[in-house]
$ cat work.cif   # mmCIF, C-alpha atoms and all ligand atoms
data_final
#
loop_
_atom_site.label_atom_id
_atom_site.label_comp_id
_atom_site.auth_asym_id
_atom_site.auth_seq_id
_atom_site.Cartn_x
_atom_site.Cartn_y
_atom_site.Cartn_z
CA MET A 1 -21.61 -16.74 2.86
CA ARG A 2 -20.79 -13.11 2.19
CA ARG A 3 -18.32 -12.30 -0.55
CA ILE A 4 -16.17 -9.29 0.27
CA ASP A 5 -13.57 -8.02 -2.19
CA ALA A 6 -10.49 -6.95 -0.18
CA HIS A 7 -8.90 -4.89 -2.97
CA THR A 8 -10.74 -2.29 -5.07
CA HIS A 9 -10.08 1.31 -6.10
CA LEU A 10 -11.93 4.60 -6.50
CA GLY A 11 -10.70 7.64 -8.36
CA GLU A 12 -9.40 8.75 -11.73
CA CYS A 13 -9.62 5.73 -13.91
CA ASP A 14 -8.74 6.18 -17.56
CA ARG A 15 -10.07 3.06 -19.28
CA ASN A 16 -7.65 3.32 -22.15
CA TYR A 17 -4.67 3.55 -19.85
CA PHE A 18 -5.79 1.06 -17.23
CA GLY A 19 -7.68 -1.37 -19.47
CA VAL A 20 -10.67 -1.34 -17.12
CA ALA A 21 -12.47 -4.68 -16.83
CA GLY A 22 -15.81 -5.03 -18.60
CA ASN A 23 -17.95 -2.53 -20.40
CA TRP A 24 -18.95 -0.27 -17.54
CA ASP A 25 -20.84 2.94 -17.86
CA PHE A 26 -18.87 5.47 -15.88
CA THR A 27 -16.85 8.57 -16.58
CA SER A 28 -13.10 8.66 -15.98
CA LEU A 29 -13.95 9.06 -12.28
CA PHE A 30 -14.83 5.70 -10.70
CA THR A 31 -17.02 6.49 -7.65
CA GLY A 32 -18.56 4.58 -4.75
CA ASP A 33 -21.86 4.44 -6.65
CA ASP A 34 -20.03 2.91 -9.61
CA LEU A 35 -18.38 0.39 -7.30
CA VAL A 36 -21.71 -0.65 -5.78
CA ALA A 37 -23.22 -1.11 -9.27
CA PHE A 38 -20.15 -3.07 -10.28
CA LEU A 39 -20.41 -5.30 -7.19
CA ASP A 40 -24.08 -5.95 -7.92
CA GLU A 41 -23.29 -7.05 -11.44
CA VAL A 42 -20.59 -9.49 -10.33
CA GLU A 43 -22.61 -10.65 -7.30
CA VAL A 44 -20.23 -9.50 -4.60
CA ASP A 45 -21.65 -8.28 -1.28
CA GLY A 46 -19.10 -5.69 -0.32
CA ALA A 47 -15.65 -4.28 -0.89
CA LEU A 48 -12.68 -2.60 0.70
CA CYS A 49 -11.52 0.29 -1.48
CA PHE A 50 -8.43 2.48 -1.78
CA PRO A 51 -7.79 5.74 -3.64
CA LEU A 52 -6.45 4.93 -7.08
CA GLY A 53 -2.77 5.82 -6.91
CA THR A 54 -0.96 8.63 -5.17
CA LYS A 55 -0.93 10.92 -8.17
CA TYR A 56 -4.71 10.66 -8.22
CA SER A 57 -5.17 11.01 -4.48
CA ASP A 58 -6.73 14.44 -4.80
CA ALA A 59 -9.71 12.82 -6.51
CA GLY A 60 -9.49 9.43 -4.83
CA LEU A 61 -9.55 10.13 -1.10
CA PRO A 62 -12.74 12.25 -1.06
CA LEU A 63 -14.41 9.54 -3.16
CA VAL A 64 -13.38 6.85 -0.67
CA ILE A 65 -14.66 8.93 2.25
CA GLU A 66 -17.93 9.63 0.43
CA ALA A 67 -18.32 5.95 -0.46
CA VAL A 68 -17.94 4.59 3.08
CA GLN A 69 -20.34 7.20 4.44
CA LYS A 70 -22.93 6.69 1.68
CA HIS A 71 -22.70 2.90 1.48
CA PRO A 72 -21.81 1.68 4.99
CA GLU A 73 -23.42 -1.71 4.31
CA ARG A 74 -21.29 -2.34 1.24
CA ILE A 75 -18.03 -0.40 1.41
CA ARG A 76 -15.06 0.05 3.72
CA GLY A 77 -12.12 2.28 2.78
CA PHE A 78 -8.45 2.84 3.54
CA TYR A 79 -6.38 6.02 3.49
CA TRP A 80 -3.44 5.92 1.03
CA GLY A 81 -0.31 7.00 2.90
CA ASN A 82 2.76 8.38 1.14
CA PRO A 83 5.52 8.18 3.79
CA HIS A 84 7.47 11.02 2.12
CA ARG A 85 4.75 13.36 3.35
CA SER A 86 5.27 14.24 7.03
CA GLU A 87 1.58 15.06 7.45
CA ALA A 88 0.50 11.57 6.37
CA PRO A 89 0.22 10.03 9.88
CA ASP A 90 -2.07 12.85 11.04
CA GLU A 91 -4.14 12.50 7.87
CA LEU A 92 -4.49 8.78 8.54
CA GLU A 93 -5.68 9.47 12.07
CA LYS A 94 -8.20 12.06 10.88
CA CYS A 95 -9.50 9.70 8.20
CA VAL A 96 -9.98 6.91 10.73
CA ARG A 97 -11.37 8.94 13.64
CA GLU A 98 -13.44 11.52 11.80
CA TYR A 99 -14.30 10.03 8.41
CA GLY A 100 -14.79 6.38 9.26
CA LEU A 101 -11.99 4.85 7.23
CA SER A 102 -10.70 1.49 8.36
CA GLY A 103 -6.96 1.36 7.67
CA LEU A 104 -3.90 2.30 5.68
CA LYS A 105 -2.82 1.48 2.12
CA LEU A 106 0.89 1.61 1.26
CA HIS A 107 2.39 1.38 -2.23
CA PRO A 108 6.21 1.61 -2.06
CA THR A 109 6.69 1.37 -5.84
CA SER A 110 4.24 4.17 -6.69
CA ASP A 111 5.55 6.43 -3.93
CA SER A 112 9.25 5.67 -4.53
CA TRP A 113 10.40 4.13 -1.25
CA MET A 114 11.66 0.73 -0.16
CA ALA A 115 9.20 -1.30 1.89
CA GLY A 116 11.86 -2.24 4.44
CA ASN A 117 12.92 1.38 4.90
CA PRO A 118 12.06 2.99 8.28
CA LEU A 119 10.64 5.93 6.30
CA ALA A 120 7.16 4.44 6.74
CA ASP A 121 7.58 3.70 10.46
CA PRO A 122 5.69 6.83 11.61
CA LEU A 123 2.71 5.77 9.45
CA MET A 124 2.95 2.19 10.68
CA ALA A 125 3.19 3.36 14.29
CA ARG A 126 0.06 5.45 13.83
CA ALA A 127 -1.79 2.49 12.31
CA ARG A 128 -0.70 0.43 15.32
CA ASP A 129 -1.87 3.11 17.77
CA LEU A 130 -5.21 3.38 15.95
CA GLY A 131 -5.55 -0.42 15.85
CA VAL A 132 -6.13 -0.55 12.09
CA PRO A 133 -4.76 -2.93 9.43
CA VAL A 134 -2.39 -2.03 6.60
CA THR A 135 -2.56 -3.22 2.98
CA ILE A 136 0.72 -3.05 1.06
CA HIS A 137 1.51 -3.64 -2.61
CA SER A 138 3.90 -6.60 -2.90
CA HIS A 139 5.61 -6.72 -6.24
CA GLN A 140 7.77 -4.48 -8.46
CA PRO A 141 10.94 -2.74 -7.20
CA GLY A 142 10.77 -1.61 -3.59
CA SER A 143 7.71 -3.70 -2.77
CA GLN A 144 9.08 -7.25 -2.69
CA PRO A 145 7.84 -9.71 -0.03
CA ALA A 146 11.20 -9.88 1.80
CA LEU A 147 11.15 -6.10 2.32
CA ILE A 148 7.56 -6.27 3.53
CA GLY A 149 8.69 -8.92 6.01
CA GLU A 150 11.15 -6.41 7.50
CA LEU A 151 8.39 -3.82 7.85
CA ALA A 152 5.93 -6.31 9.35
CA SER A 153 8.51 -7.63 11.84
CA ARG A 154 8.97 -4.15 13.32
CA PHE A 155 5.21 -3.85 13.92
CA PRO A 156 4.04 -7.26 15.09
CA GLU A 157 0.76 -5.83 16.43
CA VAL A 158 -0.28 -4.53 13.00
CA THR A 159 -2.08 -6.81 10.55
CA VAL A 160 -0.18 -6.41 7.26
CA ILE A 161 -2.15 -7.51 4.20
CA MET A 162 0.23 -8.36 1.38
CA ALA A 163 -1.74 -7.38 -1.75
CA HIS A 164 -1.19 -9.58 -4.84
CA MET A 165 0.60 -12.19 -2.68
CA GLY A 166 3.99 -11.22 -4.11
CA MET A 167 2.76 -11.76 -7.71
CA HIS A 168 5.44 -13.92 -9.39
CA ASN A 169 7.31 -14.02 -6.06
CA TYR A 170 4.43 -15.95 -4.49
CA ARG A 171 6.74 -18.49 -2.87
CA ASP A 172 8.71 -15.67 -1.25
CA ALA A 173 5.41 -14.25 -0.03
CA MET A 174 4.46 -17.56 1.55
CA TYR A 175 7.90 -17.94 3.12
CA VAL A 176 7.81 -14.43 4.59
CA ALA A 177 4.26 -14.92 5.85
CA ALA A 178 5.29 -18.16 7.53
CA LYS A 179 7.95 -16.19 9.45
CA GLU A 180 5.85 -13.14 10.29
CA PRO A 181 2.54 -14.14 11.89
CA ASN A 182 0.98 -10.69 11.39
CA ILE A 183 1.12 -10.99 7.58
CA VAL A 184 -2.04 -11.92 5.67
CA LEU A 185 -1.78 -12.82 1.97
CA GLU A 186 -4.26 -11.29 -0.48
CA THR A 187 -4.92 -12.85 -3.88
CA SER A 188 -5.77 -9.98 -6.27
CA VAL A 189 -4.26 -10.46 -9.74
CA GLN A 190 -2.15 -13.33 -8.40
CA PRO A 191 -1.87 -15.57 -11.48
CA TRP A 192 -1.29 -18.73 -9.44
CA ALA A 193 -3.87 -18.07 -6.69
CA HIS A 194 -5.91 -21.14 -7.64
CA ARG A 195 -2.82 -23.36 -7.42
CA MET A 196 -1.34 -21.73 -4.32
CA ALA A 197 -4.43 -21.47 -2.12
CA ARG A 198 -4.22 -25.02 -0.75
CA ASP A 199 -0.51 -24.68 -0.04
CA VAL A 200 -0.92 -21.32 1.68
CA VAL A 201 -3.73 -22.58 3.87
CA ASP A 202 -1.80 -25.71 4.83
CA ARG A 203 1.36 -23.77 5.65
CA ILE A 204 0.14 -20.61 7.35
CA GLY A 205 -3.55 -21.17 8.07
CA VAL A 206 -6.86 -20.40 6.38
CA GLU A 207 -7.41 -17.27 8.48
CA ARG A 208 -4.40 -15.65 6.77
CA LEU A 209 -5.59 -15.72 3.15
CA VAL A 210 -8.03 -13.13 1.77
CA TRP A 211 -9.52 -12.70 -1.68
CA GLY A 212 -9.31 -9.45 -3.65
CA SER A 213 -9.75 -8.42 -7.29
CA ASP A 214 -8.13 -5.00 -7.92
CA ALA A 215 -11.44 -3.84 -9.45
CA PRO A 216 -12.17 -1.93 -11.60
CA LEU A 217 -8.76 -2.64 -13.15
CA HIS A 218 -9.52 -6.36 -13.03
CA ASN A 219 -12.76 -8.30 -13.05
CA PRO A 220 -13.87 -9.73 -9.68
CA ARG A 221 -15.49 -12.70 -11.42
CA VAL A 222 -12.17 -13.78 -12.87
CA GLU A 223 -10.38 -13.32 -9.56
CA MET A 224 -13.16 -15.08 -7.62
CA THR A 225 -13.05 -18.06 -9.97
CA LYS A 226 -9.47 -18.74 -8.93
CA ILE A 227 -10.63 -19.32 -5.34
CA GLU A 228 -13.71 -21.27 -6.41
CA VAL A 229 -11.72 -23.76 -8.50
CA SER A 230 -8.94 -24.09 -5.93
CA ALA A 231 -8.48 -27.20 -3.77
CA LEU A 232 -9.92 -25.46 -0.69
CA THR A 233 -12.97 -26.89 1.08
CA ASP A 234 -16.26 -24.99 0.87
CA GLU A 235 -15.77 -23.78 4.43
CA GLU A 236 -12.27 -22.54 3.66
CA LYS A 237 -13.49 -20.79 0.50
CA ALA A 238 -16.11 -18.96 2.56
CA GLN A 239 -13.42 -17.68 4.91
CA VAL A 240 -11.10 -16.61 2.09
CA LEU A 241 -13.87 -15.01 0.00
CA GLY A 242 -15.22 -12.87 2.81
CA GLY A 243 -15.06 -14.14 6.38
CA ASN A 244 -11.42 -13.31 6.96
CA ILE A 245 -11.47 -9.72 5.73
CA MET A 246 -14.68 -9.07 7.67
CA ARG A 247 -12.94 -10.28 10.84
CA ILE A 248 -9.85 -8.15 10.12
CA LEU A 249 -12.00 -5.04 9.54
CA ASP A 250 -14.39 -5.74 12.45
CA TRP A 251 -17.12 -5.71 9.82
CA GLU A 252 -20.33 -7.11 11.31
ZN ZN B 301 -4.72 -2.21 -6.59
#

$ encode --input "work.cif" --output "C-alpha cells"
Amino acid sequence: MRRIDAHTHLGECDRNYFGVAGNWDFTSLFTGDDLVAFLDEVEVDGALCFPLGTKYSDAGLPLVIEAVQKHPERIRGFYWGNPHRSEAPDELEKCVREYGLSGLKLHPTSDSWMAGNPLADPLMARARDLGVPVTIHSHQPGSQPALIGELASRFPEVTVIMAHMGMHNYRDAMYVAAKEPNIVLETSVQPWAHRMARDVVDRIGVERLVWGSDAPLHNPRVEMTKIEVSALTDEEKAQVLGGNIMRILDWE
C-alpha cells in the first residue's frame, strides 16, 4: 500500500502564525525538500501540494513547480487559481502543459468569491479542457458544500475534490456529494473523519474518499490515524490513504 497525502502546502509558512505541526527544521519558506523530509519522518510515500495561500503565491508557485520537477517520485502539485485574475486560466494551462502540474486549487474564502458564483467558470472550463482535477476549500463563508455542489454540477466532467469534507458541515458535504457524482471528499483536518468514513463509503462509494493532512499546518500522523482507526476494511483504507488519489492524478 502506498500512502499519498492529498493535501499539503509549500510556501511562506510562519510557524508562529500557522502553528506548524512538529518541531521541523526549516526557515519560514517550506520547500519541496522540506516536504520530502517531512514525509519521510511521518512515513508517507508521496504528496499532492498547493501554494500556501494566494497572498503567498509569489513564493509558493515556483516552489511547487520546483518540487514536482525535482521529486517526481514523491510530489505532485496544483496551480492555485484566483478567479478574480483574468490571466488565471492561461496560467493554469501553462503550469499543466509546460511545468508538469496536475490540477487546480481553488479557495473561495481566501480569494473573496462565492463558490457557486460563475466567476470561476473560466478556470473550471480550462481544467475541464485540460482534463485535470480541482481541489476546493469547503468551509468558511463562500466555500460551503452547497455552493461547491452548484459549481460541480456545472462541470460534471471535472473531478472536484472537496478539501476538509465541509469541516463541521460534513453531513452537508456528504449530501452534496451524493447528488453530484463528480465530487470526491477529502479528509484533511476533518474532526469527524474517523466517525464519518464508514458512512461516506457506504453512501457514495469508497472510490470517492481521499485522505489528506494539510501539512505542514497539521501533522499527517494525526490525520492518518483517523483513517486507520475508522470502521473501514483494510482494503478500503488502502484506497482512501493512497489508491484513490493516485487514480485521480494518473499517478503510476
Ligand atoms: Zn490547506

$ residues_near_ligand --input "work.cif" --ligand "ligand ZN 301 (chain B)" --cutoff "10 Å" --atoms "all atoms listed in the file" --output "list in words"
Ala6, His7, Thr8, His9, Leu10, Cys49, Phe50, Pro51, Leu52, Gly53, Lys105, His107, Thr135, Ile136, His137, Ala163, His164, Ser188, Val189, Gly212, Ser213, Asp214, Ala215, Pro216, Leu217 and His218 of chain A

$ residues_around --input "work.cif" --residues "Phe30 of chain A" --least-positions-apart "4" --cutoff "7 Å" --atoms "all atoms listed in the file" --output "list in words"
Leu10, Gly11, Glu12, Cys13, Phe26 and Asp34 of chain A

$ residues_near_point --input "work.cif" --point "(9.9, -6.6, 4.3)" --cutoff "12 Å" --atoms "all atoms listed in the file" --output "ChimeraX atom specification"
/A:108,114-118,120,136-139,142-155,160,162,166,172-173,175-177,179-180,183

$ closest_residue --input "work.cif" --among "A:Arg74, A:Arg198, A:Arg126, A:His168" --to "Gly46 of chain A" --atoms "only C-alpha atoms"
A:Arg74

$ atom_distance --input "work.cif" --atom1 "atom CA of Gly32 of chain A" --atom2 "atom CA of Arg128 of chain A"
27.2 Å

$ residues_around --input "work.cif" --residues "Arg221 of chain A" --least-positions-apart "6" --cutoff "12 Å" --atoms "all atoms listed in the file" --output "number ranges by chain"
A: 3, 5, 21-22, 38-44, 188-189, 211-215, 227-228, 241

$ write_last_selection --input "work.cif" --atoms "C-alpha atoms" --output "CSV table (one decimal), keeping the file's coordinate frame"
chain,number,residue,atom,x,y,z
A,3,ARG,CA,-18.3,-12.3,-0.6
A,5,ASP,CA,-13.6,-8.0,-2.2
A,21,ALA,CA,-12.5,-4.7,-16.8
A,22,GLY,CA,-15.8,-5.0,-18.6
A,38,PHE,CA,-20.2,-3.1,-10.3
A,39,LEU,CA,-20.4,-5.3,-7.2
A,40,ASP,CA,-24.1,-6.0,-7.9
A,41,GLU,CA,-23.3,-7.0,-11.4
A,42,VAL,CA,-20.6,-9.5,-10.3
A,43,GLU,CA,-22.6,-10.6,-7.3
A,44,VAL,CA,-20.2,-9.5,-4.6
A,188,SER,CA,-5.8,-10.0,-6.3
A,189,VAL,CA,-4.3,-10.5,-9.7
A,211,TRP,CA,-9.5,-12.7,-1.7
A,212,GLY,CA,-9.3,-9.4,-3.6
A,213,SER,CA,-9.8,-8.4,-7.3
A,214,ASP,CA,-8.1,-5.0,-7.9
A,215,ALA,CA,-11.4,-3.8,-9.4
A,227,ILE,CA,-10.6,-19.3,-5.3
A,228,GLU,CA,-13.7,-21.3,-6.4
A,241,LEU,CA,-13.9,-15.0,0.0

$ closest_residue --input "work.cif" --among "A:Val134, A:Met246, A:Val96, A:Met174" --to "Ile161 of chain A" --atoms "all atoms listed in the file"
A:Val134

$ closest_residue --input "work.cif" --among "A:Val200, A:Val210, A:Met124, A:Met165" --to "Arg247 of chain A" --atoms "only C-alpha atoms"
A:Val210

$ axis_aligned_box --input "work.cif" --around "segment 231-241 of chain A" --padding-each-side "3 Å" --output "lines of an AutoDock Vina configuration file"
center_x = -12.4
center_y = -21.1
center_z = 0.6
size_x = 13.8
size_y = 18.2
size_z = 14.7

$ closest_residue --input "work.cif" --among "A:Asp45, A:Glu252, A:Asp199, A:Asp121" --to "Leu232 of chain A" --atoms "only C-alpha atoms"
A:Asp199

$ closest_residue --input "work.cif" --among "A:Leu249, A:Ala127, A:Val68, A:Leu119" --to "Glu91 of chain A" --atoms "all atoms listed in the file"
A:Ala127

$ residues_near_point --input "work.cif" --point "(-16.7, 5.1, 1.8)" --cutoff "10 Å" --atoms "all atoms listed in the file" --output "PDB file with C-alpha atoms, keeping the file's coordinate frame"
ATOM      1  CA  LEU A  10     -11.930   4.600  -6.500  1.00  0.00           C
ATOM      2  CA  THR A  31     -17.020   6.490  -7.650  1.00  0.00           C
ATOM      3  CA  GLY A  32     -18.560   4.580  -4.750  1.00  0.00           C
ATOM      4  CA  ASP A  33     -21.860   4.440  -6.650  1.00  0.00           C
ATOM      5  CA  ALA A  47     -15.650  -4.280  -0.890  1.00  0.00           C
ATOM      6  CA  LEU A  48     -12.680  -2.600   0.700  1.00  0.00           C
ATOM      7  CA  CYS A  49     -11.520   0.290  -1.480  1.00  0.00           C
ATOM      8  CA  PHE A  50      -8.430   2.480  -1.780  1.00  0.00           C
ATOM      9  CA  LEU A  61      -9.550  10.130  -1.100  1.00  0.00           C
ATOM     10  CA  PRO A  62     -12.740  12.250  -1.060  1.00  0.00           C
ATOM     11  CA  LEU A  63     -14.410   9.540  -3.160  1.00  0.00           C
ATOM     12  CA  VAL A  64     -13.380   6.850  -0.670  1.00  0.00           C
ATOM     13  CA  ILE A  65     -14.660   8.930   2.250  1.00  0.00           C
ATOM     14  CA  GLU A  66     -17.930   9.630   0.430  1.00  0.00           C
ATOM     15  CA  ALA A  67     -18.320   5.950  -0.460  1.00  0.00           C
ATOM     16  CA  VAL A  68     -17.940   4.590   3.080  1.00  0.00           C
ATOM     17  CA  GLN A  69     -20.340   7.200   4.440  1.00  0.00           C
ATOM     18  CA  LYS A  70     -22.930   6.690   1.680  1.00  0.00           C
ATOM     19  CA  HIS A  71     -22.700   2.900   1.480  1.00  0.00           C
ATOM     20  CA  PRO A  72     -21.810   1.680   4.990  1.00  0.00           C
ATOM     21  CA  GLU A  73     -23.420  -1.710   4.310  1.00  0.00           C
ATOM     22  CA  ARG A  74     -21.290  -2.340   1.240  1.00  0.00           C
ATOM     23  CA  ILE A  75     -18.030  -0.400   1.410  1.00  0.00           C
ATOM     24  CA  ARG A  76     -15.060   0.050   3.720  1.00  0.00           C
ATOM     25  CA  GLY A  77     -12.120   2.280   2.780  1.00  0.00           C
ATOM     26  CA  PHE A  78      -8.450   2.840   3.540  1.00  0.00           C
ATOM     27  CA  TYR A  99     -14.300  10.030   8.410  1.00  0.00           C
ATOM     28  CA  GLY A 100     -14.790   6.380   9.260  1.00  0.00           C
ATOM     29  CA  LEU A 101     -11.990   4.850   7.230  1.00  0.00           C
ATOM     30  CA  SER A 102     -10.700   1.490   8.360  1.00  0.00           C
TER      31      SER A 102
END
